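> Sharing a structure with you now.
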Amino acid sequence: MTVTNKTSVTLEILGGELKPNESREYTEMMFNTLDIHSEIGSCVITTEYGQRSFRNYGKLVAKEGRKKNEHGMKNILVTSID
């Protein structure tokens, strides 16, 4: 899956950083969990049988975008609540 940071803060994902307005590809399997953390909140993206569910905490919100990446997977947009 491709994760795009649409916030003004740096996100921590899998021990690395995703700066504002950057995108990065993350491996997605049949059963997978991706934790996203920042100073304004956290998100947990859980994949089961190819279906994603989202749990958002604080002011950070993850959701599926409408466009797909080059592998046919939807883009995950991470935004913030004002």
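Naming scheme: A, B, ... for chains in displayed order of the structure tokens; residues 1 onward per chain; ligands 1 onward as shown.
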So that I can check the surroundings of stretch 8-15 of chain A, please list as JSON, numbers by chain every protein, DNA and RNA residue that reaches within 12 Å of it, counting only C-alpha atoms and ignoring chain neighbours fewer than 5 positions away.
{"A": [3, 20, 21, 22, 23, 24, 25, 26, 27, 33, 34, 35, 36, 37, 38, 39, 40, 41, 42, 43, 44, 45, 59, 60, 61, 62, 78, 79, 80, 81, 82]}
> Hey, can you check how far atom CA of A:Glu70 sits from atom CA of A:Arg55?
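Pair atom CA of A:Glu70 / atom CA of A:Arg55 returns 25.7 Å.
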